[in-house]
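Dumped model-v4.cif below, it's mmCIF, N, CA and C atoms:
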```
data_query
loop_
_atom_site.label_atom_id
_atom_site.label_comp_id
_atom_site.auth_asym_id
_atom_site.auth_seq_id
_atom_site.Cartn_x
_atom_site.Cartn_y
_atom_site.Cartn_z
N MET A 1 20.49 -7.69 35.01
CA MET A 1 19.29 -7.12 34.44
C MET A 1 18.72 -8.10 33.41
N SER A 2 17.41 -8.34 33.48
CA SER A 2 16.78 -9.28 32.55
C SER A 2 16.69 -8.66 31.16
N ALA A 3 16.54 -9.53 30.15
CA ALA A 3 16.44 -9.06 28.77
C ALA A 3 15.21 -8.19 28.59
N GLN A 4 14.10 -8.54 29.25
CA GLN A 4 12.88 -7.75 29.11
C GLN A 4 13.07 -6.36 29.72
N ALA A 5 13.69 -6.29 30.90
CA ALA A 5 13.92 -4.99 31.53
C ALA A 5 14.85 -4.14 30.67
N GLU A 6 15.85 -4.77 30.07
CA GLU A 6 16.77 -4.05 29.19
C GLU A 6 16.04 -3.52 27.96
N HIS A 7 15.13 -4.33 27.41
CA HIS A 7 14.35 -3.93 26.23
C HIS A 7 13.45 -2.74 26.58
N GLU A 8 12.79 -2.80 27.75
CA GLU A 8 11.90 -1.73 28.15
C GLU A 8 12.64 -0.42 28.35
N GLU A 9 13.87 -0.48 28.85
CA GLU A 9 14.63 0.74 29.08
C GLU A 9 15.02 1.42 27.77
N ARG A 10 15.18 0.65 26.70
CA ARG A 10 15.57 1.24 25.42
C ARG A 10 14.40 1.86 24.68
N ARG A 11 13.18 1.57 25.09
CA ARG A 11 12.01 2.15 24.46
C ARG A 11 11.94 3.63 24.76
N ARG A 12 11.34 4.34 23.84
CA ARG A 12 11.08 5.75 24.09
C ARG A 12 10.06 5.86 25.21
N PRO A 13 10.11 6.96 25.94
CA PRO A 13 9.10 7.13 26.98
C PRO A 13 7.71 7.23 26.35
N THR A 14 6.72 6.74 27.05
CA THR A 14 5.35 6.80 26.55
C THR A 14 4.94 8.27 26.46
N PRO A 15 4.47 8.69 25.29
CA PRO A 15 4.05 10.09 25.15
C PRO A 15 2.88 10.40 26.07
N GLU A 16 2.77 11.65 26.43
CA GLU A 16 1.71 12.06 27.35
C GLU A 16 0.40 12.36 26.65
N THR A 17 0.44 12.53 25.32
CA THR A 17 -0.78 12.87 24.59
C THR A 17 -0.94 11.95 23.38
N PRO A 18 -2.15 11.81 22.88
CA PRO A 18 -2.35 11.03 21.65
C PRO A 18 -1.57 11.60 20.46
N LEU A 19 -1.47 12.91 20.37
CA LEU A 19 -0.69 13.52 19.29
C LEU A 19 0.78 13.16 19.45
N GLY A 20 1.28 13.14 20.65
CA GLY A 20 2.66 12.74 20.90
C GLY A 20 2.90 11.31 20.46
N TYR A 21 1.90 10.45 20.70
CA TYR A 21 2.00 9.06 20.26
C TYR A 21 2.13 9.00 18.74
N LEU A 22 1.26 9.71 18.04
CA LEU A 22 1.30 9.71 16.57
C LEU A 22 2.61 10.28 16.04
N GLU A 23 3.13 11.29 16.71
CA GLU A 23 4.39 11.90 16.27
C GLU A 23 5.57 10.93 16.38
N GLN A 24 5.49 9.98 17.29
CA GLN A 24 6.57 9.00 17.47
C GLN A 24 6.39 7.74 16.64
N LEU A 25 5.22 7.54 16.07
CA LEU A 25 4.93 6.30 15.35
C LEU A 25 5.69 6.25 14.03
N PRO A 26 6.54 5.25 13.82
CA PRO A 26 7.27 5.13 12.55
C PRO A 26 6.30 4.92 11.39
N ALA A 27 6.63 5.47 10.23
CA ALA A 27 5.76 5.42 9.06
C ALA A 27 5.41 3.99 8.66
N LEU A 28 6.40 3.09 8.65
CA LEU A 28 6.12 1.72 8.22
C LEU A 28 5.18 1.00 9.18
N VAL A 29 5.27 1.31 10.46
CA VAL A 29 4.37 0.72 11.44
C VAL A 29 2.95 1.21 11.16
N LEU A 30 2.82 2.50 10.91
CA LEU A 30 1.51 3.07 10.61
C LEU A 30 0.93 2.45 9.33
N LEU A 31 1.73 2.36 8.27
CA LEU A 31 1.25 1.78 7.01
C LEU A 31 0.80 0.34 7.21
N GLU A 32 1.53 -0.41 8.02
CA GLU A 32 1.17 -1.81 8.26
C GLU A 32 -0.14 -1.92 9.03
N ARG A 33 -0.40 -0.98 9.91
CA ARG A 33 -1.60 -1.05 10.73
C ARG A 33 -2.85 -0.59 9.99
N LEU A 34 -2.69 0.10 8.86
CA LEU A 34 -3.87 0.57 8.12
C LEU A 34 -4.66 -0.63 7.60
N PRO A 35 -5.98 -0.58 7.70
CA PRO A 35 -6.80 -1.69 7.23
C PRO A 35 -7.06 -1.66 5.72
N VAL A 36 -6.48 -0.72 5.02
CA VAL A 36 -6.65 -0.62 3.57
C VAL A 36 -5.36 -1.04 2.87
N PRO A 37 -5.46 -1.65 1.70
CA PRO A 37 -4.26 -2.04 0.96
C PRO A 37 -3.44 -0.82 0.54
N VAL A 38 -2.15 -0.86 0.86
CA VAL A 38 -1.23 0.24 0.56
C VAL A 38 -0.05 -0.32 -0.22
N LEU A 39 0.38 0.44 -1.25
CA LEU A 39 1.51 0.04 -2.07
C LEU A 39 2.41 1.25 -2.28
N ALA A 40 3.71 1.06 -2.10
CA ALA A 40 4.71 2.10 -2.36
C ALA A 40 5.61 1.61 -3.49
N VAL A 41 5.80 2.46 -4.50
CA VAL A 41 6.55 2.09 -5.69
C VAL A 41 7.59 3.15 -5.99
N GLU A 42 8.83 2.71 -6.29
CA GLU A 42 9.89 3.64 -6.70
C GLU A 42 9.55 4.22 -8.07
N SER A 43 10.21 5.30 -8.43
CA SER A 43 9.94 5.95 -9.72
C SER A 43 10.26 5.04 -10.90
N ASP A 44 11.12 4.02 -10.70
CA ASP A 44 11.44 3.10 -11.79
C ASP A 44 10.46 1.93 -11.88
N GLY A 45 9.42 1.93 -11.03
CA GLY A 45 8.40 0.90 -11.07
C GLY A 45 8.63 -0.28 -10.15
N THR A 46 9.63 -0.21 -9.30
CA THR A 46 9.92 -1.30 -8.36
C THR A 46 9.10 -1.13 -7.08
N VAL A 47 8.47 -2.23 -6.65
CA VAL A 47 7.69 -2.19 -5.41
C VAL A 47 8.65 -2.08 -4.23
N VAL A 48 8.42 -1.09 -3.40
CA VAL A 48 9.24 -0.84 -2.21
C VAL A 48 8.56 -1.42 -0.97
N HIS A 49 7.25 -1.25 -0.89
CA HIS A 49 6.52 -1.69 0.30
C HIS A 49 5.08 -2.02 -0.08
N ALA A 50 4.56 -3.05 0.55
CA ALA A 50 3.14 -3.38 0.50
C ALA A 50 2.75 -3.82 1.90
N ASN A 51 1.58 -3.42 2.35
CA ASN A 51 1.17 -3.82 3.69
C ASN A 51 0.39 -5.13 3.65
N SER A 52 0.05 -5.66 4.82
CA SER A 52 -0.61 -6.96 4.88
C SER A 52 -2.02 -6.91 4.28
N ALA A 53 -2.67 -5.75 4.29
CA ALA A 53 -3.99 -5.64 3.64
C ALA A 53 -3.85 -5.79 2.13
N PHE A 54 -2.75 -5.32 1.55
CA PHE A 54 -2.49 -5.50 0.12
C PHE A 54 -2.24 -6.99 -0.15
N GLU A 55 -1.47 -7.63 0.73
CA GLU A 55 -1.22 -9.07 0.61
C GLU A 55 -2.53 -9.84 0.63
N GLU A 56 -3.42 -9.48 1.54
CA GLU A 56 -4.71 -10.15 1.65
C GLU A 56 -5.54 -9.97 0.39
N MET A 57 -5.48 -8.78 -0.20
CA MET A 57 -6.28 -8.49 -1.40
C MET A 57 -5.80 -9.30 -2.60
N LEU A 58 -4.47 -9.45 -2.76
CA LEU A 58 -3.94 -10.12 -3.95
C LEU A 58 -3.35 -11.50 -3.71
N GLY A 59 -3.23 -11.91 -2.46
CA GLY A 59 -2.73 -13.24 -2.19
C GLY A 59 -1.22 -13.42 -2.32
N HIS A 60 -0.51 -12.37 -2.69
CA HIS A 60 0.95 -12.44 -2.80
C HIS A 60 1.56 -12.13 -1.44
N PRO A 61 2.44 -12.97 -0.92
CA PRO A 61 3.11 -12.65 0.35
C PRO A 61 3.88 -11.33 0.23
N VAL A 62 3.79 -10.51 1.26
CA VAL A 62 4.45 -9.20 1.23
C VAL A 62 5.92 -9.32 0.85
N ALA A 63 6.62 -10.29 1.43
CA ALA A 63 8.05 -10.44 1.15
C ALA A 63 8.32 -10.70 -0.33
N SER A 64 7.39 -11.36 -1.01
CA SER A 64 7.60 -11.65 -2.44
C SER A 64 7.30 -10.44 -3.32
N LEU A 65 6.66 -9.43 -2.77
CA LEU A 65 6.31 -8.24 -3.56
C LEU A 65 7.46 -7.24 -3.62
N ARG A 66 8.21 -7.12 -2.54
CA ARG A 66 9.31 -6.15 -2.50
C ARG A 66 10.33 -6.48 -3.57
N GLY A 67 10.69 -5.46 -4.34
CA GLY A 67 11.69 -5.62 -5.39
C GLY A 67 11.12 -6.05 -6.73
N ARG A 68 9.84 -6.39 -6.78
CA ARG A 68 9.21 -6.80 -8.04
C ARG A 68 8.76 -5.58 -8.83
N PRO A 69 8.71 -5.70 -10.14
CA PRO A 69 8.15 -4.61 -10.94
C PRO A 69 6.63 -4.52 -10.70
N VAL A 70 6.13 -3.32 -10.49
CA VAL A 70 4.69 -3.15 -10.27
C VAL A 70 3.91 -3.58 -11.50
N SER A 71 4.53 -3.56 -12.66
CA SER A 71 3.84 -3.98 -13.88
C SER A 71 3.39 -5.44 -13.80
N GLU A 72 4.07 -6.26 -12.99
CA GLU A 72 3.67 -7.66 -12.82
C GLU A 72 2.36 -7.78 -12.04
N LEU A 73 2.01 -6.73 -11.31
CA LEU A 73 0.77 -6.75 -10.53
C LEU A 73 -0.40 -6.16 -11.29
N LEU A 74 -0.11 -5.41 -12.35
CA LEU A 74 -1.17 -4.83 -13.16
C LEU A 74 -1.64 -5.86 -14.16
N ASP A 75 -2.94 -6.12 -14.18
CA ASP A 75 -3.50 -7.12 -15.08
C ASP A 75 -3.99 -6.41 -16.34
N LEU A 76 -3.05 -6.07 -17.21
CA LEU A 76 -3.34 -5.37 -18.46
C LEU A 76 -2.75 -6.16 -19.61
N ASP A 77 -3.38 -6.07 -20.77
CA ASP A 77 -2.82 -6.74 -21.94
C ASP A 77 -1.46 -6.19 -22.30
N ASP A 78 -1.36 -4.88 -22.34
CA ASP A 78 -0.09 -4.22 -22.64
C ASP A 78 0.33 -3.40 -21.43
N ALA A 79 0.65 -4.09 -20.31
CA ALA A 79 1.00 -3.40 -19.08
C ALA A 79 2.26 -2.56 -19.28
N PRO A 80 2.18 -1.27 -18.95
CA PRO A 80 3.38 -0.45 -19.04
C PRO A 80 4.40 -0.94 -18.03
N THR A 81 5.66 -0.71 -18.31
CA THR A 81 6.72 -1.13 -17.40
C THR A 81 7.46 0.09 -16.87
N GLY A 82 8.27 -0.14 -15.86
CA GLY A 82 9.12 0.91 -15.29
C GLY A 82 8.33 2.14 -14.90
N ALA A 83 8.86 3.29 -15.31
CA ALA A 83 8.24 4.57 -14.98
C ALA A 83 6.84 4.67 -15.58
N GLY A 84 6.61 3.99 -16.70
CA GLY A 84 5.29 4.00 -17.33
C GLY A 84 4.24 3.36 -16.44
N ALA A 85 4.61 2.32 -15.71
CA ALA A 85 3.68 1.67 -14.80
C ALA A 85 3.33 2.58 -13.63
N VAL A 86 4.31 3.32 -13.15
CA VAL A 86 4.07 4.28 -12.07
C VAL A 86 3.13 5.38 -12.57
N GLU A 87 3.38 5.86 -13.77
CA GLU A 87 2.53 6.89 -14.36
C GLU A 87 1.11 6.36 -14.54
N HIS A 88 0.98 5.10 -14.91
CA HIS A 88 -0.35 4.48 -15.05
C HIS A 88 -1.08 4.52 -13.71
N LEU A 89 -0.40 4.19 -12.62
CA LEU A 89 -1.03 4.26 -11.29
C LEU A 89 -1.46 5.69 -10.97
N ARG A 90 -0.59 6.65 -11.25
CA ARG A 90 -0.91 8.05 -10.97
C ARG A 90 -2.11 8.52 -11.80
N GLU A 91 -2.12 8.15 -13.06
CA GLU A 91 -3.21 8.58 -13.95
C GLU A 91 -4.52 7.87 -13.63
N SER A 92 -4.44 6.72 -12.98
CA SER A 92 -5.64 5.95 -12.66
C SER A 92 -6.29 6.39 -11.36
N ALA A 93 -5.76 7.42 -10.73
CA ALA A 93 -6.28 7.88 -9.44
C ALA A 93 -7.80 8.05 -9.53
N THR A 94 -8.48 7.48 -8.59
CA THR A 94 -9.94 7.45 -8.42
C THR A 94 -10.64 6.59 -9.46
N ALA A 95 -9.91 5.89 -10.30
CA ALA A 95 -10.49 5.01 -11.30
C ALA A 95 -10.14 3.57 -10.98
N PRO A 96 -10.93 2.62 -11.48
CA PRO A 96 -10.58 1.22 -11.24
C PRO A 96 -9.44 0.74 -12.12
N VAL A 97 -8.61 -0.12 -11.55
CA VAL A 97 -7.55 -0.81 -12.30
C VAL A 97 -7.73 -2.30 -12.05
N ASP A 98 -7.19 -3.10 -12.95
CA ASP A 98 -7.20 -4.54 -12.77
C ASP A 98 -5.85 -4.98 -12.26
N LEU A 99 -5.88 -5.79 -11.21
CA LEU A 99 -4.66 -6.32 -10.59
C LEU A 99 -4.68 -7.83 -10.68
N ALA A 100 -3.51 -8.42 -10.74
CA ALA A 100 -3.38 -9.88 -10.86
C ALA A 100 -3.29 -10.52 -9.48
N HIS A 101 -4.27 -11.35 -9.16
CA HIS A 101 -4.25 -12.12 -7.92
C HIS A 101 -3.27 -13.27 -8.09
N GLN A 102 -2.72 -13.74 -6.99
CA GLN A 102 -1.77 -14.85 -7.04
C GLN A 102 -2.37 -16.10 -7.69
N ASP A 103 -3.68 -16.30 -7.54
CA ASP A 103 -4.32 -17.49 -8.11
C ASP A 103 -4.66 -17.34 -9.59
N GLY A 104 -4.27 -16.21 -10.20
CA GLY A 104 -4.51 -15.99 -11.62
C GLY A 104 -5.78 -15.23 -11.92
N SER A 105 -6.62 -15.01 -10.92
CA SER A 105 -7.84 -14.25 -11.15
C SER A 105 -7.53 -12.76 -11.20
N ARG A 106 -8.53 -12.00 -11.58
CA ARG A 106 -8.39 -10.56 -11.71
C ARG A 106 -9.11 -9.88 -10.55
N VAL A 107 -8.45 -8.90 -9.95
CA VAL A 107 -9.04 -8.10 -8.88
C VAL A 107 -9.19 -6.69 -9.41
N ARG A 108 -10.39 -6.16 -9.31
CA ARG A 108 -10.63 -4.78 -9.73
C ARG A 108 -10.63 -3.91 -8.48
N ALA A 109 -9.83 -2.85 -8.51
CA ALA A 109 -9.70 -1.98 -7.34
C ALA A 109 -9.59 -0.53 -7.76
N LEU A 110 -10.16 0.35 -6.96
CA LEU A 110 -9.98 1.78 -7.17
C LEU A 110 -8.63 2.17 -6.59
N VAL A 111 -7.95 3.09 -7.26
CA VAL A 111 -6.65 3.57 -6.82
C VAL A 111 -6.83 4.98 -6.25
N SER A 112 -6.23 5.23 -5.10
CA SER A 112 -6.29 6.58 -4.53
C SER A 112 -5.36 7.52 -5.29
N ARG A 113 -5.54 8.78 -5.06
CA ARG A 113 -4.54 9.74 -5.53
C ARG A 113 -3.25 9.46 -4.77
N PRO A 114 -2.10 9.75 -5.34
CA PRO A 114 -0.84 9.53 -4.60
C PRO A 114 -0.87 10.28 -3.27
N ILE A 115 -0.47 9.59 -2.23
CA ILE A 115 -0.49 10.18 -0.89
C ILE A 115 0.70 11.11 -0.69
N LEU A 116 1.86 10.72 -1.20
CA LEU A 116 3.04 11.58 -1.12
C LEU A 116 3.02 12.46 -2.36
N ARG A 117 2.93 13.76 -2.19
CA ARG A 117 2.66 14.64 -3.31
C ARG A 117 3.81 15.55 -3.71
N ARG A 118 4.86 15.60 -2.91
CA ARG A 118 5.96 16.50 -3.26
C ARG A 118 6.72 15.93 -4.46
N GLN A 119 7.23 16.82 -5.28
CA GLN A 119 7.98 16.40 -6.47
C GLN A 119 9.22 15.60 -6.11
N ASP A 120 9.82 15.87 -4.96
CA ASP A 120 11.05 15.19 -4.59
C ASP A 120 10.81 13.91 -3.77
N ASP A 121 9.55 13.50 -3.59
CA ASP A 121 9.29 12.23 -2.90
C ASP A 121 9.80 11.10 -3.79
N PRO A 122 10.62 10.20 -3.24
CA PRO A 122 11.22 9.15 -4.06
C PRO A 122 10.29 7.97 -4.36
N VAL A 123 9.11 7.96 -3.77
CA VAL A 123 8.16 6.86 -4.01
C VAL A 123 6.77 7.40 -4.29
N THR A 124 5.99 6.60 -5.00
CA THR A 124 4.56 6.86 -5.17
C THR A 124 3.86 5.93 -4.21
N LEU A 125 3.06 6.50 -3.35
CA LEU A 125 2.34 5.74 -2.32
C LEU A 125 0.85 5.86 -2.61
N VAL A 126 0.20 4.72 -2.85
CA VAL A 126 -1.23 4.72 -3.15
C VAL A 126 -1.95 3.67 -2.31
N CYS A 127 -3.24 3.90 -2.15
CA CYS A 127 -4.11 2.95 -1.47
C CYS A 127 -5.08 2.37 -2.50
N PHE A 128 -5.65 1.22 -2.16
CA PHE A 128 -6.59 0.56 -3.06
C PHE A 128 -7.88 0.24 -2.32
N HIS A 129 -8.96 0.21 -3.07
CA HIS A 129 -10.25 -0.23 -2.54
C HIS A 129 -10.79 -1.28 -3.49
N ASP A 130 -10.86 -2.52 -3.01
CA ASP A 130 -11.31 -3.65 -3.84
C ASP A 130 -12.80 -3.50 -4.14
N VAL A 131 -13.13 -3.41 -5.43
CA VAL A 131 -14.53 -3.28 -5.86
C VAL A 131 -14.95 -4.47 -6.72
N THR A 132 -14.16 -5.52 -6.71
CA THR A 132 -14.45 -6.70 -7.54
C THR A 132 -15.84 -7.24 -7.28
N GLU A 133 -16.18 -7.47 -6.03
CA GLU A 133 -17.47 -8.05 -5.69
C GLU A 133 -18.62 -7.13 -6.06
N GLN A 134 -18.44 -5.84 -5.87
CA GLN A 134 -19.49 -4.89 -6.23
C GLN A 134 -19.77 -4.92 -7.72
N LEU A 135 -18.74 -5.07 -8.52
CA LEU A 135 -18.93 -5.14 -9.96
C LEU A 135 -19.61 -6.44 -10.37
N TRP A 136 -19.28 -7.54 -9.68
CA TRP A 136 -19.94 -8.82 -9.98
C TRP A 136 -21.43 -8.73 -9.68
N ASN A 137 -21.77 -7.97 -8.64
CA ASN A 137 -23.17 -7.85 -8.24
C ASN A 137 -23.91 -6.79 -9.03
N GLY A 138 -23.26 -6.21 -10.03
CA GLY A 138 -23.91 -5.21 -10.86
C GLY A 138 -24.01 -3.84 -10.22
N GLY A 139 -23.40 -3.68 -9.06
CA GLY A 139 -23.43 -2.38 -8.38
C GLY A 139 -22.39 -1.45 -8.93
N ARG A 140 -22.54 -0.21 -8.63
CA ARG A 140 -21.57 0.79 -9.06
C ARG A 140 -20.45 0.89 -8.05
N ALA A 141 -19.26 1.10 -8.55
CA ALA A 141 -18.11 1.25 -7.65
C ALA A 141 -18.16 2.64 -7.03
N PRO A 142 -17.93 2.72 -5.72
CA PRO A 142 -17.93 4.03 -5.06
C PRO A 142 -16.70 4.83 -5.45
N GLY A 143 -16.78 6.13 -5.34
CA GLY A 143 -15.63 6.99 -5.60
C GLY A 143 -14.63 6.87 -4.46
N PHE A 144 -13.41 7.26 -4.75
CA PHE A 144 -12.37 7.19 -3.73
C PHE A 144 -12.15 8.55 -3.17
#
```

Let's see the structure in the file written out as structure tokens.
Amino acid sequence: MSAQAEHEERRRPTPETPLGYLEQLPALVLLERLPVPVLAVESDGTVVHANSAFEEMLGHPVASLRGRPVSELLDLDDAPTGAGAVEHLRESATAPVDLAHQDGSRVRALVSRPILRRQDDPVTLVCFHDVTEQLWNGGRAPGF
């Protein structure tokens, strides 16, 4: 049996409906496919996951983000650390925050409300909308 045939046999059967497809889609695959920047942070402020859209927005390779303190990504004079940085993200929901681009520039982005809302969720998952260019052009940032 060829390696390709063996690989195909181990795959789940193709779902018969679009809902069945979504039900089988792993969360990390879905997060990676989203065209919006997504960041997942542990309660202690450690970055757990960032998708490629987040990488594109800030220029930091995804692999270099995992395990870093989220406070290193916040471009604040007195950036809170640990749980304080997570609380800052939560409190900033629908408001702009400044993020540090890899090249040293500042990126202004709106933060979504936390997507995972249960008290026992071990991570804070938020999306971002880059409004840097809109602010440079004197336009108003849209709501999230």

Do you know which residues the PyMOL selection byres ((chain A and resi 58-63) around 8) returns on this file, as a PyMOL selection string?
chain A and resi 49-57+64-68+99-103+107

Near stretch 118-136 of chain A, 12 Å: stretch 14-90 of chain A residue rows, closest pairs, only C-alpha atoms, as JSON lines:
```
{"residue": "A:Ala27", "atom": "CA", "partner": "A:Leu125", "partner_atom": "CA", "distance": 11.9}
{"residue": "A:Leu28", "atom": "CA", "partner": "A:Leu125", "partner_atom": "CA", "distance": 11.9}
{"residue": "A:Leu31", "atom": "CA", "partner": "A:Cys127", "partner_atom": "CA", "distance": 10.1}
{"residue": "A:Leu34", "atom": "CA", "partner": "A:Cys127", "partner_atom": "CA", "distance": 9.9}
{"residue": "A:Pro35", "atom": "CA", "partner": "A:Cys127", "partner_atom": "CA", "distance": 10.2}
{"residue": "A:Val36", "atom": "CA", "partner": "A:Cys127", "partner_atom": "CA", "distance": 6.7}
{"residue": "A:Pro37", "atom": "CA", "partner": "A:Phe128", "partner_atom": "CA", "distance": 5.3}
{"residue": "A:Val38", "atom": "CA", "partner": "A:Cys127", "partner_atom": "CA", "distance": 4.4}
{"residue": "A:Leu39", "atom": "CA", "partner": "A:Val126", "partner_atom": "CA", "distance": 5.5}
{"residue": "A:Ala40", "atom": "CA", "partner": "A:Leu125", "partner_atom": "CA", "distance": 4.3}
{"residue": "A:Val41", "atom": "CA", "partner": "A:Thr124", "partner_atom": "CA", "distance": 5.2}
{"residue": "A:Glu42", "atom": "CA", "partner": "A:Val123", "partner_atom": "CA", "distance": 4.5}
{"residue": "A:Ser43", "atom": "CA", "partner": "A:Val123", "partner_atom": "CA", "distance": 6.0}
{"residue": "A:Asp44", "atom": "CA", "partner": "A:Val123", "partner_atom": "CA", "distance": 9.2}
{"residue": "A:Gly45", "atom": "CA", "partner": "A:Thr124", "partner_atom": "CA", "distance": 9.2}
{"residue": "A:Thr46", "atom": "CA", "partner": "A:Val123", "partner_atom": "CA", "distance": 9.4}
{"residue": "A:Val47", "atom": "CA", "partner": "A:Val123", "partner_atom": "CA", "distance": 9.2}
{"residue": "A:Val48", "atom": "CA", "partner": "A:Val123", "partner_atom": "CA", "distance": 8.0}
{"residue": "A:His49", "atom": "CA", "partner": "A:Leu125", "partner_atom": "CA", "distance": 8.9}
{"residue": "A:Ala50", "atom": "CA", "partner": "A:Leu125", "partner_atom": "CA", "distance": 9.6}
{"residue": "A:Asn51", "atom": "CA", "partner": "A:Cys127", "partner_atom": "CA", "distance": 10.0}
{"residue": "A:Ala53", "atom": "CA", "partner": "A:Phe128", "partner_atom": "CA", "distance": 9.5}
{"residue": "A:Phe54", "atom": "CA", "partner": "A:Phe128", "partner_atom": "CA", "distance": 8.0}
{"residue": "A:Glu55", "atom": "CA", "partner": "A:Phe128", "partner_atom": "CA", "distance": 11.6}
{"residue": "A:Glu56", "atom": "CA", "partner": "A:Asp130", "partner_atom": "CA", "distance": 10.8}
{"residue": "A:Met57", "atom": "CA", "partner": "A:Asp130", "partner_atom": "CA", "distance": 7.4}
{"residue": "A:Leu58", "atom": "CA", "partner": "A:Asp130", "partner_atom": "CA", "distance": 9.8}
{"residue": "A:Val70", "atom": "CA", "partner": "A:Thr124", "partner_atom": "CA", "distance": 11.2}
{"residue": "A:Ala83", "atom": "CA", "partner": "A:Thr124", "partner_atom": "CA", "distance": 10.7}
{"residue": "A:Ala85", "atom": "CA", "partner": "A:Thr124", "partner_atom": "CA", "distance": 11.0}
{"residue": "A:Val86", "atom": "CA", "partner": "A:Thr124", "partner_atom": "CA", "distance": 7.4}
{"residue": "A:Glu87", "atom": "CA", "partner": "A:Thr124", "partner_atom": "CA", "distance": 9.4}
{"residue": "A:His88", "atom": "CA", "partner": "A:Thr124", "partner_atom": "CA", "distance": 11.3}
{"residue": "A:Leu89", "atom": "CA", "partner": "A:Val126", "partner_atom": "CA", "distance": 8.2}
{"residue": "A:Arg90", "atom": "CA", "partner": "A:Thr124", "partner_atom": "CA", "distance": 8.1}
```

Just the number, please: distance in Å from atom N of A:Pro15 to atom N of A:Leu30, one decimal.
15.7 Å

Considering all atoms listed in the file, state which residue in the set A:Asp75, A:Gly82, A:Thr14, A:Ala93 is at the smallest distance from A:Arg106.
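So, comparing all the options, the nearest one is A:Asp75.
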
Box for stretch 68-77 of chain A: with edges along x, y and z, all listed atoms inside and 6 Å added on each side, what are the centre and edge lengths in Å to one decimal, as JSON?
```
{"center_x": 2.9, "center_y": -5.5, "center_z": -14.5, "size_x": 25.8, "size_y": 16.6, "size_z": 27.5}
```

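Nearest residue to A:Asp77, choosing from A:Ser92, A:Asp98, A:Gly104, A:Val111 and counting only C-alpha atoms: A:Asp98.
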
All alpha helix (DSSP H) residues (DSSP, backbone) inside stretch 33-140 of chain A, as a list in words
Arg33, Ser52, Ala53, Phe54, Glu55, Glu56, Met57, Leu58, Val62, Ala63, Ser64, Leu65, Ala83, Gly84, Ala85, Val86, Glu87, His88, Leu89, Arg90, Glu91, Thr132, Glu133, Gln134, Leu135 and Trp136 of chain A

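Atom CA of A:Arg33 to atom CA of A:Leu19 spans 16.9 Å [interatomic distance, one decimal].
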
In chain A, what's strand (DSSP E or B) per DSSP? Answer as a VMD selection string?
chain A and resid 38 to 42 46 to 50 69 74 93 96 to 100 106 to 111 123 to 130

Please complete stretch 126-136 of chain A with N, CA, C and O atoms and give it back as a PDB file, in the coordinates of the input.
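Written output follows (out22.pdb):
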```pdb
ATOM      1  N   VAL A 126       0.200   4.720  -2.850  1.00  0.00           N
ATOM      2  CA  VAL A 126      -1.230   4.720  -3.150  1.00  0.00           C
ATOM      3  C   VAL A 126      -1.950   3.670  -2.310  1.00  0.00           C
ATOM      4  O   VAL A 126      -1.354   2.701  -1.849  1.00  0.00           O
ATOM      5  N   CYS A 127      -3.240   3.900  -2.150  1.00  0.00           N
ATOM      6  CA  CYS A 127      -4.110   2.950  -1.470  1.00  0.00           C
ATOM      7  C   CYS A 127      -5.080   2.370  -2.500  1.00  0.00           C
ATOM      8  O   CYS A 127      -5.304   2.955  -3.550  1.00  0.00           O
ATOM      9  N   PHE A 128      -5.650   1.220  -2.160  1.00  0.00           N
ATOM     10  CA  PHE A 128      -6.590   0.560  -3.060  1.00  0.00           C
ATOM     11  C   PHE A 128      -7.880   0.240  -2.320  1.00  0.00           C
ATOM     12  O   PHE A 128      -7.867   0.005  -1.112  1.00  0.00           O
ATOM     13  N   HIS A 129      -8.960   0.210  -3.070  1.00  0.00           N
ATOM     14  CA  HIS A 129     -10.250  -0.230  -2.540  1.00  0.00           C
ATOM     15  C   HIS A 129     -10.790  -1.280  -3.490  1.00  0.00           C
ATOM     16  O   HIS A 129     -11.111  -0.986  -4.646  1.00  0.00           O
ATOM     17  N   ASP A 130     -10.860  -2.520  -3.010  1.00  0.00           N
ATOM     18  CA  ASP A 130     -11.310  -3.650  -3.840  1.00  0.00           C
ATOM     19  C   ASP A 130     -12.800  -3.500  -4.140  1.00  0.00           C
ATOM     20  O   ASP A 130     -13.625  -3.461  -3.243  1.00  0.00           O
ATOM     21  N   VAL A 131     -13.130  -3.410  -5.430  1.00  0.00           N
ATOM     22  CA  VAL A 131     -14.530  -3.280  -5.860  1.00  0.00           C
ATOM     23  C   VAL A 131     -14.950  -4.470  -6.720  1.00  0.00           C
ATOM     24  O   VAL A 131     -15.996  -4.431  -7.353  1.00  0.00           O
ATOM     25  N   THR A 132     -14.160  -5.520  -6.710  1.00  0.00           N
ATOM     26  CA  THR A 132     -14.450  -6.700  -7.540  1.00  0.00           C
ATOM     27  C   THR A 132     -15.840  -7.240  -7.280  1.00  0.00           C
ATOM     28  O   THR A 132     -16.636  -7.434  -8.205  1.00  0.00           O
ATOM     29  N   GLU A 133     -16.180  -7.470  -6.030  1.00  0.00           N
ATOM     30  CA  GLU A 133     -17.470  -8.050  -5.690  1.00  0.00           C
ATOM     31  C   GLU A 133     -18.620  -7.130  -6.060  1.00  0.00           C
ATOM     32  O   GLU A 133     -19.651  -7.580  -6.542  1.00  0.00           O
ATOM     33  N   GLN A 134     -18.440  -5.840  -5.870  1.00  0.00           N
ATOM     34  CA  GLN A 134     -19.490  -4.890  -6.230  1.00  0.00           C
ATOM     35  C   GLN A 134     -19.770  -4.920  -7.720  1.00  0.00           C
ATOM     36  O   GLN A 134     -20.912  -4.821  -8.150  1.00  0.00           O
ATOM     37  N   LEU A 135     -18.740  -5.070  -8.520  1.00  0.00           N
ATOM     38  CA  LEU A 135     -18.930  -5.140  -9.960  1.00  0.00           C
ATOM     39  C   LEU A 135     -19.610  -6.440 -10.370  1.00  0.00           C
ATOM     40  O   LEU A 135     -20.407  -6.465 -11.296  1.00  0.00           O
ATOM     41  N   TRP A 136     -19.280  -7.540  -9.680  1.00  0.00           N
ATOM     42  CA  TRP A 136     -19.940  -8.820  -9.980  1.00  0.00           C
ATOM     43  C   TRP A 136     -21.430  -8.730  -9.680  1.00  0.00           C
ATOM     44  O   TRP A 136     -22.239  -9.338 -10.344  1.00  0.00           O
TER      45      TRP A 136
END
```
